[in-house]
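Below is model21.txt, holding compact mmCIF, N, CA and C atoms.
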```txt
# COMPACT_ATOMS: atom_id res chain seq x y z
N GLN M 95 133.57 110.71 74.41
CA GLN M 95 132.75 111.40 73.42
C GLN M 95 133.00 110.78 72.04
N VAL M 96 131.93 110.42 71.37
CA VAL M 96 132.04 109.80 70.05
C VAL M 96 132.34 110.88 69.00
N GLN M 97 133.29 110.56 68.15
CA GLN M 97 133.61 111.45 67.05
C GLN M 97 133.76 110.63 65.78
N LEU M 98 133.06 111.06 64.74
CA LEU M 98 133.13 110.40 63.43
C LEU M 98 133.60 111.43 62.41
N VAL M 99 134.63 111.09 61.67
CA VAL M 99 135.19 112.02 60.70
C VAL M 99 135.26 111.34 59.34
N GLU M 100 134.51 111.89 58.39
CA GLU M 100 134.49 111.33 57.04
C GLU M 100 135.55 111.99 56.16
N SER M 101 136.01 111.25 55.17
CA SER M 101 136.92 111.78 54.17
C SER M 101 136.78 110.95 52.90
N GLY M 102 137.36 111.46 51.82
CA GLY M 102 137.40 110.70 50.58
C GLY M 102 136.42 111.14 49.51
N GLY M 103 135.58 112.10 49.84
CA GLY M 103 134.66 112.59 48.82
C GLY M 103 135.38 113.35 47.72
N GLY M 104 134.64 113.65 46.66
CA GLY M 104 135.24 114.40 45.56
C GLY M 104 134.32 114.41 44.36
N SER M 105 134.89 114.81 43.24
CA SER M 105 134.13 114.88 41.99
C SER M 105 134.67 113.85 41.01
N VAL M 106 133.77 113.07 40.43
CA VAL M 106 134.16 112.07 39.44
C VAL M 106 133.14 112.07 38.31
N GLN M 107 133.51 111.43 37.23
CA GLN M 107 132.59 111.29 36.12
C GLN M 107 131.78 109.99 36.28
N THR M 108 130.70 109.92 35.54
CA THR M 108 129.87 108.72 35.55
C THR M 108 130.73 107.49 35.26
N GLY M 109 130.52 106.45 36.07
CA GLY M 109 131.29 105.23 35.92
C GLY M 109 132.53 105.18 36.77
N GLY M 110 132.87 106.30 37.39
CA GLY M 110 134.07 106.36 38.21
C GLY M 110 133.87 105.74 39.59
N SER M 111 134.94 105.79 40.38
CA SER M 111 134.92 105.19 41.71
C SER M 111 135.48 106.16 42.74
N LEU M 112 135.01 106.00 43.96
CA LEU M 112 135.54 106.72 45.11
C LEU M 112 135.49 105.79 46.31
N ARG M 113 136.39 106.01 47.26
CA ARG M 113 136.32 105.28 48.52
C ARG M 113 136.22 106.28 49.66
N LEU M 114 135.13 106.21 50.38
CA LEU M 114 134.94 107.07 51.54
C LEU M 114 135.46 106.36 52.78
N SER M 115 135.98 107.15 53.71
CA SER M 115 136.47 106.62 54.98
C SER M 115 135.78 107.34 56.12
N CYS M 116 135.54 106.61 57.19
CA CYS M 116 134.96 107.17 58.40
C CYS M 116 135.82 106.73 59.57
N ALA M 117 136.56 107.68 60.14
CA ALA M 117 137.41 107.39 61.29
C ALA M 117 136.61 107.64 62.56
N ALA M 118 136.51 106.60 63.38
CA ALA M 118 135.71 106.69 64.60
C ALA M 118 136.59 106.71 65.83
N SER M 119 136.22 107.52 66.78
CA SER M 119 136.87 107.53 68.09
C SER M 119 135.80 107.64 69.17
N GLY M 120 136.13 107.15 70.35
CA GLY M 120 135.17 107.22 71.45
C GLY M 120 134.12 106.12 71.42
N LEU M 121 134.28 105.13 70.55
CA LEU M 121 133.36 104.01 70.53
C LEU M 121 134.09 102.76 70.08
N ILE M 122 133.46 101.61 70.31
CA ILE M 122 134.01 100.33 69.89
C ILE M 122 133.21 99.87 68.68
N LEU M 123 133.88 99.69 67.55
CA LEU M 123 133.17 99.35 66.32
C LEU M 123 132.33 98.10 66.48
N SER M 124 132.83 97.10 67.17
CA SER M 124 132.11 95.84 67.29
C SER M 124 130.84 95.97 68.13
N SER M 125 130.71 97.07 68.84
CA SER M 125 129.53 97.31 69.66
C SER M 125 128.53 98.22 68.98
N ASN M 126 128.80 98.52 67.71
CA ASN M 126 127.93 99.44 66.98
C ASN M 126 127.67 98.95 65.56
N TYR M 127 126.50 99.28 65.05
CA TYR M 127 126.30 99.26 63.62
C TYR M 127 126.89 100.57 63.09
N MET M 128 127.69 100.47 62.06
CA MET M 128 128.18 101.67 61.40
C MET M 128 127.47 101.79 60.06
N GLY M 129 126.97 102.97 59.80
CA GLY M 129 126.19 103.16 58.58
C GLY M 129 126.68 104.33 57.76
N TRP M 130 126.38 104.25 56.49
CA TRP M 130 126.60 105.37 55.58
C TRP M 130 125.23 105.84 55.08
N PHE M 131 125.05 107.14 55.11
CA PHE M 131 123.83 107.76 54.64
C PHE M 131 124.20 108.85 53.64
N ARG M 132 123.22 109.29 52.88
CA ARG M 132 123.47 110.39 51.96
C ARG M 132 122.24 111.28 51.88
N GLN M 133 122.51 112.53 51.54
CA GLN M 133 121.42 113.49 51.39
C GLN M 133 121.74 114.44 50.25
N ALA M 134 120.87 114.43 49.27
CA ALA M 134 120.99 115.35 48.14
C ALA M 134 120.14 116.59 48.43
N PRO M 135 120.47 117.71 47.82
CA PRO M 135 119.70 118.94 48.05
C PRO M 135 118.21 118.73 47.78
N GLY M 136 117.39 119.13 48.74
CA GLY M 136 115.95 119.03 48.58
C GLY M 136 115.38 117.65 48.80
N LYS M 137 116.23 116.70 49.19
CA LYS M 137 115.76 115.33 49.42
C LYS M 137 116.00 114.90 50.86
N GLU M 138 115.29 113.86 51.27
CA GLU M 138 115.48 113.34 52.61
C GLU M 138 116.78 112.54 52.69
N ARG M 139 117.31 112.46 53.91
CA ARG M 139 118.50 111.63 54.12
C ARG M 139 118.10 110.17 53.95
N GLU M 140 118.90 109.43 53.20
CA GLU M 140 118.60 108.03 52.96
C GLU M 140 119.77 107.14 53.35
N GLY M 141 119.44 105.96 53.84
CA GLY M 141 120.46 105.00 54.20
C GLY M 141 121.04 104.34 52.97
N VAL M 142 122.34 104.17 52.98
CA VAL M 142 123.06 103.57 51.86
C VAL M 142 123.52 102.15 52.22
N ALA M 143 124.18 102.03 53.36
CA ALA M 143 124.71 100.73 53.76
C ALA M 143 125.00 100.74 55.26
N THR M 144 124.95 99.56 55.86
CA THR M 144 125.31 99.43 57.26
C THR M 144 126.05 98.13 57.46
N ILE M 145 126.89 98.08 58.50
CA ILE M 145 127.68 96.90 58.78
C ILE M 145 127.76 96.70 60.28
N ALA M 146 127.66 95.41 60.69
CA ALA M 146 127.91 95.06 62.09
C ALA M 146 129.30 94.44 62.20
N ARG M 147 129.59 93.52 61.30
CA ARG M 147 130.91 92.92 61.20
C ARG M 147 130.98 92.23 59.86
N VAL M 148 132.09 91.61 59.56
CA VAL M 148 132.28 90.98 58.26
C VAL M 148 131.15 89.98 57.99
N GLY M 149 130.54 90.17 56.82
CA GLY M 149 129.47 89.28 56.41
C GLY M 149 128.10 89.71 56.88
N PHE M 150 128.06 90.69 57.72
CA PHE M 150 126.77 91.19 58.24
C PHE M 150 126.61 92.63 57.77
N THR M 151 126.09 92.74 56.55
CA THR M 151 125.92 94.04 55.92
C THR M 151 124.52 94.15 55.33
N LEU M 152 124.11 95.36 55.11
CA LEU M 152 122.80 95.64 54.50
C LEU M 152 122.98 96.83 53.58
N TYR M 153 122.41 96.72 52.38
CA TYR M 153 122.54 97.80 51.40
C TYR M 153 121.17 98.26 50.91
N ALA M 154 121.11 99.51 50.55
CA ALA M 154 119.94 100.01 49.85
C ALA M 154 119.91 99.40 48.46
N ASP M 155 118.72 99.15 47.95
CA ASP M 155 118.59 98.54 46.63
C ASP M 155 119.29 99.36 45.55
N SER M 156 119.31 100.66 45.73
CA SER M 156 119.87 101.55 44.71
C SER M 156 121.38 101.43 44.57
N VAL M 157 122.05 100.82 45.55
CA VAL M 157 123.51 100.73 45.49
C VAL M 157 124.02 99.30 45.49
N LYS M 158 123.13 98.32 45.62
CA LYS M 158 123.55 96.92 45.64
C LYS M 158 124.34 96.57 44.38
N GLY M 159 125.45 95.89 44.59
CA GLY M 159 126.29 95.49 43.47
C GLY M 159 127.27 96.56 43.03
N ARG M 160 127.11 97.79 43.54
CA ARG M 160 128.03 98.88 43.17
C ARG M 160 128.84 99.38 44.36
N PHE M 161 128.23 99.40 45.54
CA PHE M 161 128.89 99.90 46.74
C PHE M 161 129.22 98.73 47.68
N THR M 162 130.32 98.88 48.40
CA THR M 162 130.71 97.88 49.38
C THR M 162 131.13 98.58 50.67
N ILE M 163 130.54 98.15 51.78
CA ILE M 163 130.92 98.69 53.08
C ILE M 163 131.84 97.69 53.76
N SER M 164 132.88 98.20 54.40
CA SER M 164 133.84 97.33 55.08
C SER M 164 134.44 98.08 56.25
N GLN M 165 135.22 97.35 57.05
CA GLN M 165 135.82 97.97 58.22
C GLN M 165 137.24 97.49 58.44
N ASP M 166 138.05 98.35 59.01
CA ASP M 166 139.34 97.99 59.57
C ASP M 166 139.21 98.29 61.06
N LYS M 167 138.92 97.25 61.85
CA LYS M 167 138.63 97.48 63.26
C LYS M 167 139.88 97.85 64.04
N VAL M 168 141.03 97.46 63.54
CA VAL M 168 142.26 97.85 64.22
C VAL M 168 142.44 99.37 64.13
N LYS M 169 142.18 99.91 62.95
CA LYS M 169 142.32 101.34 62.75
C LYS M 169 141.07 102.11 63.16
N GLY M 170 139.97 101.41 63.35
CA GLY M 170 138.73 102.09 63.71
C GLY M 170 138.11 102.84 62.55
N ILE M 171 138.26 102.31 61.34
CA ILE M 171 137.77 102.99 60.15
C ILE M 171 136.72 102.14 59.45
N THR M 172 135.66 102.77 59.02
CA THR M 172 134.64 102.15 58.19
C THR M 172 134.71 102.76 56.81
N TYR M 173 134.73 101.91 55.79
CA TYR M 173 134.89 102.38 54.42
C TYR M 173 133.59 102.19 53.63
N LEU M 174 133.46 102.99 52.60
CA LEU M 174 132.41 102.78 51.61
C LEU M 174 133.09 102.88 50.24
N GLN M 175 133.27 101.73 49.61
CA GLN M 175 133.81 101.70 48.26
C GLN M 175 132.66 101.87 47.29
N MET M 176 132.75 102.88 46.45
CA MET M 176 131.67 103.20 45.51
C MET M 176 132.19 103.06 44.10
N ASN M 177 131.64 102.13 43.37
CA ASN M 177 132.01 101.89 41.98
C ASN M 177 130.83 102.18 41.07
N SER M 178 131.12 102.31 39.79
CA SER M 178 130.07 102.55 38.78
C SER M 178 129.15 103.69 39.21
N LEU M 179 129.76 104.78 39.62
CA LEU M 179 128.98 105.90 40.13
C LEU M 179 128.11 106.54 39.06
N LYS M 180 126.96 107.00 39.51
CA LYS M 180 125.98 107.62 38.61
C LYS M 180 125.69 109.04 39.10
N PRO M 181 125.20 109.90 38.24
CA PRO M 181 124.86 111.27 38.68
C PRO M 181 123.89 111.27 39.86
N GLU M 182 123.00 110.30 39.93
CA GLU M 182 122.04 110.26 41.03
C GLU M 182 122.69 109.87 42.37
N ASP M 183 123.95 109.50 42.36
CA ASP M 183 124.68 109.24 43.60
C ASP M 183 125.21 110.54 44.20
N THR M 184 125.09 111.63 43.48
CA THR M 184 125.57 112.92 43.99
C THR M 184 124.82 113.30 45.25
N ALA M 185 125.57 113.56 46.32
CA ALA M 185 124.98 113.89 47.62
C ALA M 185 126.09 114.16 48.62
N MET M 186 125.68 114.65 49.78
CA MET M 186 126.56 114.69 50.93
C MET M 186 126.44 113.33 51.60
N TYR M 187 127.57 112.70 51.86
CA TYR M 187 127.59 111.38 52.48
C TYR M 187 128.01 111.50 53.94
N TYR M 188 127.23 110.85 54.80
CA TYR M 188 127.46 110.90 56.23
C TYR M 188 127.73 109.51 56.79
N CYS M 189 128.61 109.46 57.77
CA CYS M 189 128.86 108.26 58.53
C CYS M 189 128.08 108.38 59.84
N ALA M 190 127.57 107.25 60.33
CA ALA M 190 126.79 107.27 61.55
C ALA M 190 126.99 105.98 62.34
N ALA M 191 126.74 106.06 63.64
CA ALA M 191 126.89 104.91 64.53
C ALA M 191 125.60 104.67 65.29
N ARG M 192 125.29 103.39 65.45
CA ARG M 192 124.09 102.96 66.18
C ARG M 192 124.50 101.83 67.11
N PRO M 193 124.36 102.02 68.42
CA PRO M 193 124.77 100.97 69.35
C PRO M 193 124.01 99.67 69.11
N ARG M 194 124.73 98.53 69.22
CA ARG M 194 124.12 97.22 69.09
C ARG M 194 123.80 96.64 70.45
N SER M 195 122.85 95.73 70.50
CA SER M 195 122.52 95.01 71.73
C SER M 195 123.13 93.63 71.66
N GLY M 196 124.25 93.45 72.36
CA GLY M 196 124.90 92.15 72.42
C GLY M 196 125.24 91.65 71.03
N GLY M 197 124.92 90.41 70.74
CA GLY M 197 125.22 89.79 69.46
C GLY M 197 124.07 89.84 68.48
N SER M 198 123.14 90.72 68.69
CA SER M 198 121.96 90.77 67.83
C SER M 198 122.32 91.22 66.42
N TRP M 199 121.53 90.81 65.46
CA TRP M 199 121.66 91.28 64.07
C TRP M 199 120.32 91.86 63.69
N ASP M 200 120.21 93.12 63.82
CA ASP M 200 118.98 93.85 63.58
C ASP M 200 119.31 95.10 62.77
N PRO M 201 119.78 94.90 61.55
CA PRO M 201 120.25 96.04 60.78
C PRO M 201 119.12 96.96 60.35
N SER M 202 119.44 98.20 60.19
CA SER M 202 118.45 99.16 59.73
C SER M 202 119.14 100.30 59.00
N LEU M 203 118.46 100.82 57.98
CA LEU M 203 118.95 101.99 57.27
C LEU M 203 118.09 103.22 57.60
N LYS M 204 117.36 103.13 58.70
CA LYS M 204 116.58 104.29 59.15
C LYS M 204 117.48 105.24 59.90
N PHE M 205 117.56 106.48 59.43
CA PHE M 205 118.53 107.40 60.04
C PHE M 205 118.16 107.72 61.48
N SER M 206 116.90 107.59 61.86
CA SER M 206 116.50 107.93 63.23
C SER M 206 117.05 106.94 64.25
N TYR M 207 117.50 105.77 63.80
CA TYR M 207 118.05 104.77 64.72
C TYR M 207 119.50 105.09 65.12
N TYR M 208 120.14 105.97 64.39
CA TYR M 208 121.56 106.23 64.59
C TYR M 208 121.75 107.44 65.50
N THR M 209 122.69 107.31 66.44
CA THR M 209 122.80 108.30 67.50
C THR M 209 124.00 109.23 67.36
N SER M 210 124.97 108.85 66.56
CA SER M 210 126.16 109.68 66.37
C SER M 210 126.39 109.87 64.88
N TRP M 211 126.78 111.09 64.52
CA TRP M 211 126.93 111.44 63.11
C TRP M 211 128.20 112.23 62.87
N GLY M 212 128.76 112.02 61.68
CA GLY M 212 129.87 112.85 61.25
C GLY M 212 129.36 114.10 60.54
N GLN M 213 130.30 114.90 60.06
CA GLN M 213 129.96 116.16 59.41
C GLN M 213 129.66 116.02 57.93
N GLY M 214 130.06 114.90 57.35
CA GLY M 214 129.75 114.64 55.95
C GLY M 214 130.90 114.93 55.00
N THR M 215 130.85 114.28 53.85
CA THR M 215 131.80 114.52 52.78
C THR M 215 131.03 114.52 51.47
N GLN M 216 131.31 115.48 50.61
CA GLN M 216 130.53 115.67 49.39
C GLN M 216 131.02 114.76 48.27
N VAL M 217 130.07 114.13 47.60
CA VAL M 217 130.35 113.33 46.41
C VAL M 217 129.55 113.92 45.26
N THR M 218 130.25 114.23 44.18
CA THR M 218 129.60 114.79 43.00
C THR M 218 129.97 113.95 41.78
N VAL M 219 128.96 113.47 41.08
CA VAL M 219 129.17 112.63 39.91
C VAL M 219 128.59 113.37 38.70
N SER M 220 129.44 113.64 37.75
CA SER M 220 129.01 114.38 36.57
C SER M 220 128.82 113.42 35.39
N SER M 221 127.89 113.80 34.52
CA SER M 221 127.59 112.95 33.36
C SER M 221 128.47 113.30 32.18
```
Starting from the file, give its structure as structure tokens.
Amino acid sequence: QVQLVESGGGSVQTGGSLRLSCAASGLILSSNYMGWFRQAPGKEREGVATIARVGFTLYADSVKGRFTISQDKVKGITYLQMNSLKPEDTAMYYCAARPRSGGSWDPSLKFSYYTSWGQGTQVTVSS
């Protein structure tokens, strides 16, 4: 059974940083795209970043240059380093997994492609 557990959320001021962690069990990271999504109140869930392996990442335009997704495959953890945070980054952040087909590179930030989800961690950025 796949289990994804997020941590690291909190409250920061504009310009601050946070690092989110997603601990995965019941799956092999190298066989999945791991993604970070976020959802603000009254808004649709949006993709933030996804990773297949080192060097194979995809980011939403709104976070490029500020957020970095990475993995520690030994520990089974996917990270989202968030720098230069803005009030519009305020949301519940979710970790998700999407099985890959062999060695393909077909990244997507569409939440409907992801089959396993964590419970989320709240990020609040104040001005």
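For the set M:Thr215, M:Gln107, M:Ser124, M:Ser220, the residue with the smallest atom-to-atom gap to Lys167 in chain M is M:Ser124, counting all atoms listed in the file.
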Atom C of Ser119 in chain M to atom N of Ser105 in chain M, distance in Å rounded to a single decimal: 26.9 Å
Pick from M:Asp155, M:Asp183, M:Ala190, M:Ile171 nearest to Tyr208 in chain M, counting only C-alpha atoms: M:Ala190
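Between CA of Val168 in chain M and CA of Trp211 in chain M the separation is 20.5 Å.
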Using only C-alpha atoms: which of M:Tyr153, M:Tyr173, M:Tyr188, M:Phe161 has the shortest distance to Trp130 in chain M: M:Tyr188
Closest of M:Glu140, M:Glu182, M:Asp166, M:Glu100 to Leu203 in chain M - atom-to-atom distances counting only C-alpha atoms: M:Glu140
Nearest to Pro193 in chain M, chosen from M:Arg160, M:Thr209, M:Arg113, M:Thr172, with only N, CA and C atoms counted in the distances: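 Closest to Pro193 in chain M of all the choices is M:Thr209.
CA of Asn126 in chain M to CA of Gln97 in chain M spans 13.3 Å [interatomic distance, one decimal].
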Expected answer as a ChimeraX atom specification: helix (DSSP H, G or I) residues in chain M: /M:123-125,181-183,205-207
Among listed residues M:Ala191, M:Leu114, M:Met186, M:Ala146, nearest Gln216 in chain M (using all atoms listed in the file): M:Met186
All strand (DSSP E or B) residues (DSSP, backbone) inside range 99-139 of chain M, as a list in words: Val99, Glu100, Ser101, Gly104, Ser105, Val106, Gln107, Leu112, Arg113, Leu114, Ser115, Cys116, Ala117, Ala118, Ser119, Asn126, Tyr127, Met128, Gly129, Trp130, Phe131, Arg132 and Gln133 of chain M
Point (133.5, 108.2, 59.3), cut-off 5 Å, counting all atoms listed in the file, residues as a list of chain:residue names: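 Those within range, by chain then number, are M:Leu98, M:Val99, M:Glu100, M:Ser115, M:Cys116, M:Ala117, M:Cys189.
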Take every atom of range 186-204 of chain M listed in the file, pad by 3 Å on each side, and give me the axis-aligned box centre and edge lengths in Å, one decimal, as AutoDock Vina command-line options.
```
--center_x 122.7 --center_y 102.2 --center_z 61.1 --size_x 18.3 --size_y 30.9 --size_z 28.6
```
